[in-house]
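Novice: Enclosed is the structure file structure01.csv (CSV, C-alpha atoms).
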```csv
chain,number,residue,atom,x,y,z
A,1,MET,CA,0.0,0.0,0.0
A,2,LYS,CA,1.2,3.5,-0.9
A,3,GLN,CA,1.6,5.9,2.0
A,4,ILE,CA,-1.6,7.8,2.6
A,5,GLU,CA,-0.5,11.4,3.5
A,6,GLY,CA,-0.4,14.9,2.1
A,7,VAL,CA,-3.4,16.6,0.6
A,8,MET,CA,-5.6,14.2,-1.3
A,9,THR,CA,-8.5,15.3,-3.5
A,10,ALA,CA,-12.1,14.1,-2.9
A,11,LEU,CA,-13.3,13.8,-6.5
A,12,VAL,CA,-16.6,15.0,-7.7
A,13,THR,CA,-18.4,12.4,-9.9
A,14,SER,CA,-18.8,13.8,-13.5
A,15,PHE,CA,-22.2,13.5,-15.1
A,16,LYS,CA,-23.5,14.4,-18.5
A,17,SER,CA,-26.4,16.8,-19.0
A,18,ASP,CA,-28.8,13.9,-18.7
A,19,ALA,CA,-27.2,12.8,-15.4
A,20,ALA,CA,-25.5,9.8,-17.0
A,21,LEU,CA,-22.0,9.0,-15.9
A,22,ASP,CA,-19.3,10.9,-17.8
A,23,LEU,CA,-16.3,8.6,-17.5
A,24,LYS,CA,-14.3,10.6,-20.1
A,25,ALA,CA,-14.6,13.7,-17.8
A,26,MET,CA,-13.7,11.6,-14.8
A,27,ARG,CA,-10.5,10.5,-16.5
A,28,GLU,CA,-9.7,14.1,-17.5
A,29,SER,CA,-10.2,15.1,-13.8
A,30,VAL,CA,-7.8,12.4,-12.7
A,31,ARG,CA,-5.1,13.6,-15.1
A,32,PHE,CA,-5.6,17.2,-14.0
A,33,GLN,CA,-5.3,16.3,-10.4
A,34,ILE,CA,-2.1,14.3,-10.8
A,35,GLU,CA,-0.5,16.9,-13.1
A,36,ASN,CA,-1.3,19.6,-10.5
A,37,GLY,CA,0.1,17.9,-7.5
A,38,ALA,CA,-2.7,16.1,-5.7
A,39,ALA,CA,-1.0,13.7,-3.2
A,40,GLY,CA,-3.8,11.1,-3.8
A,41,LEU,CA,-7.4,10.7,-5.0
A,42,CYS,CA,-10.6,9.7,-3.2
A,43,PRO,CA,-13.4,8.9,-5.6
A,44,LEU,CA,-16.9,8.1,-4.4
A,45,GLY,CA,-16.5,10.0,-1.1
A,46,GLY,CA,-19.3,12.3,0.1
A,47,THR,CA,-18.3,14.8,-2.6
A,48,GLY,CA,-18.8,12.1,-5.2
A,49,GLU,CA,-22.6,11.8,-4.6
A,50,PRO,CA,-22.4,8.0,-3.9
A,51,LEU,CA,-25.9,7.6,-2.5
A,52,SER,CA,-27.3,8.7,-5.9
A,53,MET,CA,-25.4,5.9,-7.7
A,54,THR,CA,-26.0,2.2,-8.2
A,55,VAL,CA,-23.4,-0.4,-7.4
A,56,ASP,CA,-22.7,-0.9,-11.1
A,57,GLU,CA,-22.0,2.8,-11.4
A,58,HIS,CA,-19.7,2.7,-8.5
A,59,LYS,CA,-17.7,-0.1,-10.2
A,60,ARG,CA,-17.5,1.8,-13.4
A,61,VAL,CA,-16.1,4.9,-11.7
A,62,ILE,CA,-13.7,2.8,-9.7
A,63,ASP,CA,-12.4,1.1,-12.9
A,64,ALA,CA,-12.0,4.5,-14.7
A,65,VAL,CA,-10.2,6.2,-11.9
A,66,LEU,CA,-7.8,3.3,-11.1
A,67,ASP,CA,-7.1,2.7,-14.8
A,68,GLU,CA,-6.3,6.4,-15.4
A,69,THR,CA,-4.3,6.8,-12.2
A,70,ALA,CA,-2.1,3.8,-13.2
A,71,GLY,CA,-0.5,3.6,-9.8
A,72,ARG,CA,0.9,7.2,-9.9
A,73,VAL,CA,-0.7,8.3,-6.6
A,74,PRO,CA,-2.6,6.5,-3.8
A,75,VAL,CA,-6.3,6.0,-4.4
A,76,VAL,CA,-8.8,5.6,-1.5
A,77,VAL,CA,-12.2,4.5,-2.8
A,78,GLY,CA,-15.3,5.5,-0.9
A,79,SER,CA,-17.6,2.6,-0.1
A,80,LEU,CA,-20.3,4.6,1.7
A,81,LEU,CA,-23.5,2.8,0.7
A,82,GLY,CA,-26.1,1.8,3.3
A,83,ASN,CA,-26.3,-1.9,2.6
A,84,GLN,CA,-23.4,-3.9,4.0
A,85,ASP,CA,-23.4,-6.3,1.1
A,86,ASP,CA,-23.1,-3.4,-1.3
A,87,ILE,CA,-20.3,-2.0,0.7
A,88,VAL,CA,-18.4,-5.3,0.6
A,89,GLU,CA,-19.1,-5.7,-3.1
A,90,CYS,CA,-17.7,-2.3,-4.0
A,91,GLY,CA,-14.8,-2.8,-1.6
A,92,ARG,CA,-13.8,-6.1,-3.2
A,93,HIS,CA,-14.1,-4.5,-6.6
A,94,ALA,CA,-11.8,-1.6,-5.5
A,95,ARG,CA,-9.3,-4.1,-4.1
A,96,VAL,CA,-9.1,-6.1,-7.4
A,97,ALA,CA,-8.9,-2.8,-9.4
A,98,GLY,CA,-5.8,-1.8,-7.4
A,99,ALA,CA,-7.1,0.7,-4.8
A,100,ASP,CA,-4.8,1.3,-1.9
A,101,ALA,CA,-7.7,1.5,0.6
A,102,ILE,CA,-11.4,1.9,1.0
A,103,MET,CA,-13.1,4.5,3.0
A,104,VAL,CA,-16.1,3.5,5.2
A,105,ILE,CA,-18.5,5.4,7.4
A,106,PRO,CA,-20.5,4.3,10.5
A,107,PRO,CA,-23.9,2.9,9.5
A,108,TYR,CA,-26.4,5.8,9.2
A,109,PHE,CA,-30.1,6.1,9.7
A,110,ILE,CA,-30.3,3.1,12.1
A,111,VAL,CA,-28.9,5.0,15.2
A,112,ALA,CA,-26.2,2.3,15.7
A,113,LYS,CA,-24.5,2.0,19.1
A,114,PRO,CA,-20.7,1.6,19.3
A,115,SER,CA,-20.8,-2.2,19.6
A,116,HIS,CA,-22.9,-2.3,16.4
A,117,ILE,CA,-20.5,0.0,14.6
A,118,ARG,CA,-17.6,-2.2,15.6
A,119,ARG,CA,-19.3,-5.4,14.4
A,120,HIS,CA,-20.2,-3.7,11.1
A,121,PHE,CA,-16.5,-2.7,10.5
A,122,GLU,CA,-15.2,-6.0,11.6
A,123,THR,CA,-17.4,-7.8,9.1
A,124,ILE,CA,-16.4,-5.5,6.3
A,125,ALA,CA,-12.7,-5.8,7.1
A,126,GLU,CA,-12.9,-9.6,7.1
A,127,LYS,CA,-14.8,-9.8,3.9
A,128,VAL,CA,-13.0,-7.1,1.9
A,129,ASN,CA,-9.5,-7.8,3.3
A,130,MET,CA,-7.7,-4.6,2.5
A,131,PRO,CA,-6.7,-1.4,4.3
A,132,MET,CA,-9.5,0.9,5.4
A,133,VAL,CA,-9.9,4.6,6.2
A,134,LEU,CA,-12.5,5.5,8.9
A,135,PHE,CA,-14.6,8.4,7.7
A,136,HIS,CA,-15.8,10.2,10.9
A,137,GLY,CA,-18.3,12.6,9.4
A,138,PRO,CA,-21.1,13.2,11.9
A,139,SER,CA,-22.9,15.6,9.5
A,140,ARG,CA,-23.0,12.8,6.9
A,141,SER,CA,-23.7,9.8,9.0
A,142,GLY,CA,-25.5,11.3,12.0
A,143,VAL,CA,-23.1,9.3,14.2
A,144,ARG,CA,-20.7,11.3,16.3
A,145,LEU,CA,-17.9,9.3,17.9
A,146,ASP,CA,-15.8,10.5,20.8
A,147,ALA,CA,-12.0,10.0,20.7
A,148,ASP,CA,-12.1,7.0,23.1
A,149,THR,CA,-14.6,5.2,20.8
A,150,ILE,CA,-12.5,5.9,17.7
A,151,LEU,CA,-9.4,4.6,19.4
A,152,GLU,CA,-11.3,1.4,20.4
A,153,LEU,CA,-12.5,0.9,16.8
A,154,ILE,CA,-8.9,1.3,15.6
A,155,GLY,CA,-7.7,-1.2,18.1
A,156,ALA,CA,-10.5,-3.7,17.3
A,157,VAL,CA,-10.2,-3.4,13.5
A,158,PRO,CA,-6.5,-3.6,12.5
A,159,ARG,CA,-7.4,-3.0,8.9
A,160,PHE,CA,-7.9,0.7,9.8
A,161,VAL,CA,-4.8,2.6,8.7
A,162,ALA,CA,-6.2,6.1,8.8
A,163,ILE,CA,-9.1,8.4,9.7
A,164,LYS,CA,-10.7,11.2,7.7
A,165,GLU,CA,-11.7,13.4,10.7
A,166,THR,CA,-14.6,15.6,9.7
A,167,SER,CA,-16.2,16.5,12.9
A,168,GLY,CA,-14.7,19.9,13.1
A,169,ASP,CA,-13.4,19.1,16.6
A,170,LEU,CA,-9.6,19.4,16.7
A,171,THR,CA,-9.5,17.8,20.2
A,172,ILE,CA,-10.6,14.5,18.6
A,173,SER,CA,-7.7,14.8,16.1
A,174,ALA,CA,-5.3,15.6,18.9
A,175,GLU,CA,-6.4,12.6,21.1
A,176,VAL,CA,-6.2,10.2,18.2
A,177,LEU,CA,-2.7,11.5,17.2
A,178,ARG,CA,-1.6,11.1,20.8
A,179,SER,CA,-2.8,7.5,21.3
A,180,ALA,CA,-3.2,5.8,17.9
A,181,PRO,CA,-0.8,3.0,17.0
A,182,PRO,CA,2.4,3.9,15.2
A,183,GLY,CA,1.9,4.5,11.5
A,184,PHE,CA,-1.8,5.4,11.8
A,185,ARG,CA,-2.7,8.4,9.7
A,186,VAL,CA,-4.9,11.3,10.7
A,187,LEU,CA,-6.3,13.2,7.8
A,188,GLN,CA,-8.5,16.3,8.0
A,189,GLY,CA,-11.8,16.5,6.0
A,190,PHE,CA,-12.5,20.2,6.5
A,191,ASP,CA,-10.6,22.5,4.1
A,192,GLU,CA,-10.8,25.2,6.7
A,193,LEU,CA,-8.8,23.1,9.3
A,194,LEU,CA,-5.9,21.8,7.2
A,195,LEU,CA,-3.2,24.0,8.8
A,196,PRO,CA,-4.2,23.5,12.4
A,197,THR,CA,-4.4,19.8,11.8
A,198,LEU,CA,-0.9,19.7,10.4
A,199,ALA,CA,0.3,21.8,13.4
A,200,LEU,CA,-1.1,19.1,15.7
A,201,GLY,CA,0.9,16.4,13.8
A,202,GLY,CA,-1.7,15.4,11.3
A,203,HIS,CA,-0.6,13.7,8.1
A,204,GLY,CA,-2.7,15.5,5.5
A,205,ALA,CA,-6.2,15.7,4.4
A,206,VAL,CA,-8.9,14.6,2.0
A,207,LEU,CA,-10.5,17.8,0.7
A,208,SER,CA,-13.3,18.6,-1.7
A,209,LEU,CA,-11.8,22.0,-2.7
A,210,GLY,CA,-8.8,20.1,-4.0
A,211,CYS,CA,-11.0,19.6,-7.1
A,212,LEU,CA,-10.7,23.3,-7.8
A,213,LEU,CA,-7.4,24.2,-6.0
A,214,PRO,CA,-4.9,21.3,-6.0
A,215,ASN,CA,-1.9,23.5,-6.4
A,216,LEU,CA,-2.9,25.8,-3.6
A,217,PHE,CA,-3.4,23.0,-1.1
A,218,ARG,CA,-0.1,21.3,-2.2
A,219,ARG,CA,1.6,24.7,-1.7
A,220,LEU,CA,0.2,25.0,1.8
A,221,HIS,CA,1.4,21.6,2.8
A,222,GLU,CA,4.8,22.1,1.3
A,223,ALA,CA,5.1,25.5,3.1
A,224,PHE,CA,4.2,23.9,6.4
A,225,VAL,CA,6.7,21.1,6.0
A,226,ALA,CA,9.4,23.6,5.0
A,227,GLY,CA,8.6,25.7,8.1
A,228,ASP,CA,7.2,28.6,6.2
A,229,ARG,CA,4.4,29.4,8.5
A,230,GLU,CA,3.6,32.8,6.9
A,231,VAL,CA,2.9,31.2,3.5
A,232,ALA,CA,0.9,28.3,5.0
A,233,GLN,CA,-1.2,30.7,7.1
A,234,ARG,CA,-1.8,33.1,4.2
A,235,ILE,CA,-3.1,30.3,2.0
A,236,GLN,CA,-5.4,28.9,4.8
A,237,PHE,CA,-6.8,32.4,5.3
A,238,ASP,CA,-7.3,32.9,1.6
A,239,ILE,CA,-9.6,30.0,1.2
A,240,LEU,CA,-11.9,30.7,4.1
A,241,PRO,CA,-14.3,33.0,2.2
A,242,LEU,CA,-14.6,30.4,-0.6
A,243,CYS,CA,-15.3,27.7,2.0
A,244,ARG,CA,-18.2,29.6,3.4
A,245,ALA,CA,-19.7,29.9,-0.1
A,246,ILE,CA,-19.0,26.4,-1.2
A,247,TYR,CA,-20.3,24.7,1.9
A,248,GLY,CA,-23.3,27.0,2.5
A,249,GLU,CA,-25.4,24.6,0.5
A,250,PRO,CA,-25.3,20.8,0.0
A,251,ASN,CA,-22.0,19.6,-1.4
A,252,PRO,CA,-21.0,19.3,-4.3
A,253,GLY,CA,-23.6,21.6,-5.8
A,254,PRO,CA,-21.6,24.9,-5.3
A,255,LEU,CA,-18.4,23.1,-6.0
A,256,LYS,CA,-19.6,21.9,-9.4
A,257,LEU,CA,-20.7,25.4,-10.2
A,258,ALA,CA,-17.2,26.7,-9.2
A,259,LEU,CA,-15.6,24.1,-11.4
A,260,GLU,CA,-17.8,25.2,-14.3
A,261,MET,CA,-16.7,28.8,-13.7
A,262,ALA,CA,-13.1,27.6,-13.9
A,263,GLY,CA,-13.7,25.9,-17.2
A,264,ARG,CA,-13.7,22.4,-15.8
A,265,SER,CA,-17.3,21.4,-15.8
A,266,ALA,CA,-18.2,18.2,-14.1
A,267,GLY,CA,-21.9,18.4,-15.2
A,268,PRO,CA,-24.9,18.6,-12.9
A,269,THR,CA,-25.6,17.1,-9.6
A,270,ARG,CA,-28.2,14.4,-9.2
A,271,GLN,CA,-31.3,15.2,-7.2
A,272,PRO,CA,-32.0,15.7,-4.4
A,273,ILE,CA,-28.9,17.9,-4.6
A,274,TYR,CA,-30.2,20.9,-6.5
A,275,GLU,CA,-28.4,23.8,-8.3
A,276,PRO,CA,-27.1,26.5,-5.9
A,277,SER,CA,-29.2,29.6,-5.1
A,278,LEU,CA,-28.7,32.9,-6.8
A,279,ALA,CA,-26.9,34.3,-3.7
A,280,THR,CA,-24.4,31.4,-3.8
A,281,ARG,CA,-23.9,31.9,-7.5
A,282,GLU,CA,-23.2,35.6,-7.1
A,283,ALA,CA,-20.8,34.9,-4.2
A,284,LEU,CA,-18.9,32.4,-6.4
A,285,GLU,CA,-18.8,34.8,-9.3
A,286,HIS,CA,-16.9,37.2,-7.0
A,287,LEU,CA,-14.7,34.7,-5.3
A,288,VAL,CA,-13.7,32.2,-7.9
A,289,PRO,CA,-11.7,34.4,-10.3
A,290,ALA,CA,-9.6,35.8,-7.5
A,291,ILE,CA,-8.8,32.4,-5.9
A,292,LEU,CA,-7.9,31.0,-9.4
A,293,LYS,CA,-5.3,33.7,-9.7
A,294,THR,CA,-3.9,32.6,-6.3
A,295,GLU,CA,-4.0,29.0,-7.5
A,296,GLU,CA,-2.0,29.9,-10.6
A,297,ALA,CA,0.5,31.7,-8.5
A,298,ALA,CA,0.9,28.6,-6.3
A,299,ALA,CA,1.5,26.4,-9.3
A,300,HIS,CA,4.3,28.7,-10.5
A,301,ALA,CA,5.8,29.1,-7.0
A,302,THR,CA,6.0,25.3,-6.7
A,303,ILE,CA,7.5,24.8,-10.1
A,304,ALA,CA,10.1,27.6,-9.4
A,305,ALA,CA,11.0,25.9,-6.1
```
In structure tokens, how does this file's structure come out?
Specialist:
Amino acid sequence: MKQIEGVMTALVTSFKSDAALDLKAMRESVRFQIENGAAGLCPLGGTGEPLSMTVDEHKRVIDAVLDETAGRVPVVVGSLLGNQDDIVECGRHARVAGADAIMVIPPYFIVAKPSHIRRHFETIAEKVNMPMVLFHGPSRSGVRLDADTILELIGAVPRFVAIKETSGDLTISAEVLRSAPPGFRVLQGFDELLLPTLALGGHGAVLSLGCLLPNLFRRLHEAFVAGDREVAQRIQFDILPLCRAIYGEPNPGPLKLALEMAGRSAGPTRQPIYEPSLATREALEHLVPAILKTEEAAAHATIAA
């Protein structure tokens, strides 16, 4: 397994105007991300609209992304469906296709207790038999885990090699970093919290805005590693207004609109994720051109270095 660290991009799923999969656009997105410095890719995460897609569509996206990546960067495939058999089927497909890990989330809607969550993950780990990333996203699953429970899950399921921590609570990240087994990776899921997570000792992130700004996030990470706090802090501050606009409505609606404004359309979202409001569109029309200039400058700065 390739090392899962640095800033990975949570890919949007590209659709055609009739909402059919656009695998050609997915391949173009993979190439763009790799050419612009993404440390890894995460298809079919929350940003990828997985709950609107069939198992067969999951497999087609997995095949396209893994084939286009061709081993150049790590790929963590989201397996976030509600049915355990579907999770296992997609996970096994990802393993055969060459993924480095699958990302799984606590079972949602059923109000599972920690013991049920552990059994769920143990079963998936046994049946899929590959490294797993724990997606702790309470806003997605409705399940909020405390640090002790997360550490117990990590201990009970050795297949877990990393966590995508998307609760917004940096104390959880700190507690996991302090007590997790050696080699376990803590990745941030909130674009707004990348720098403080790195400062705590975190290993990187899986970020939706990487779709739009891969060079900028790479530059932030490089600056932090190099000890250039001023550059890292400036980039983190620069993206905050865009985060408010992008995440003010269900993801990835505003993100797909921003990509369209950048000339990299990923097509529509599938309902029940609808097009962004006029207020969000106007905010993005103001913010996107400016942040793209910063993104271009980050690309040149990295190349010059």
Novice: Measuring atom to atom with all atoms listed in the file, identify which of A:Arg229, A:Lys256, A:Arg185, A:His136 is nearest to A:Arg281.
Specialist: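 Nearest candidate to A:Arg281 out of A:Arg229, A:Lys256, A:Arg185, A:His136: A:Lys256.
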Novice: Enter the distance from atom CA of A:Ile105 to atom CA of A:Ser52, in Å, rounded to one decimal.
Specialist: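 Answer for the atom CA of A:Ile105 to atom CA of A:Ser52 separation: 16.3 Å.
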Novice: Kindly indicate which residue among A:Ala125, A:Ala258, A:Ala70, A:Leu207 lies nearest to A:Asp191, using only C-alpha atoms for the distances.
Specialist: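 Once distances to A:Asp191 are computed over only C-alpha atoms, the minimum belongs to A:Leu207.
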Novice: Looking at all atoms listed in the file, which of A:Leu209, A:Pro254, A:Ala162, A:Glu28 is the one that sits closest to A:Leu278?
Specialist: A:Pro254
Novice: So that I can check the surroundings of A:Leu195, please list as a list in words every protein, DNA and RNA residue that reaches within 10 Å of it, counting all atoms listed in the file and ignoring chain neighbours fewer than 3 positions away.
Specialist: Gln188, Asp191, Glu192, Leu198, Ala199, Leu200, Gly201, Gly202, Gly204, Ala205, Phe217, Leu220, His221, Phe224, Arg229, Ala232, Gln233, Ile235, Gln236 and Phe237 of chain A
Novice: Atom CA of A:Leu212 to atom CA of A:Glu35: how many Å, to one decimal?
Specialist: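 Atom CA of A:Glu35 lies at a distance of 13.2 Å from atom CA of A:Leu212.
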Novice: Report, in Å to a single decimal, how far apart atom CA of A:Pro107 and atom CA of A:Met132 are.
Specialist: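 Between atom CA of A:Met132 and atom CA of A:Pro107 the gap works out to 15.1 Å.
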Novice: Considering only C-alpha atoms, state which residue in the set A:His203, A:Lys2, A:Arg234, A:His300 is at the smallest distance from A:Pro74.
Specialist: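 When distances to A:Pro74 are compared using only C-alpha atoms, the smallest one comes from A:Lys2.
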Novice: For stretch 16-21 of chain A, find every residue with an atom within 7 Å (counting all atoms listed in the file), except residues of its own chain fewer than 5 positions away, and show them as a list of chain:residue names.
Specialist: A:Gly267, A:Pro268, A:Arg270
Novice: Kindly save the residues from that selection, with C-alpha atoms included, as a short mmCIF file (atom, residue, chain, number, x, y, z; two decimals), in the frame of the given file.
Specialist:
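Final file, result_19.cif:
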```
data_model
loop_
_atom_site.label_atom_id
_atom_site.label_comp_id
_atom_site.auth_asym_id
_atom_site.auth_seq_id
_atom_site.Cartn_x
_atom_site.Cartn_y
_atom_site.Cartn_z
CA GLY A 267 -21.90 18.40 -15.20
CA PRO A 268 -24.90 18.60 -12.90
CA ARG A 270 -28.20 14.40 -9.20
#
```
Novice: Please determine, counting all atoms listed in the file, which residue among A:Thr69, A:Glu296, A:His58, A:Ser115 has the shortest atom-to-atom distance to A:Arg92.
Specialist: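 Checking each candidate against A:Arg92, we get A:His58 as the closest.
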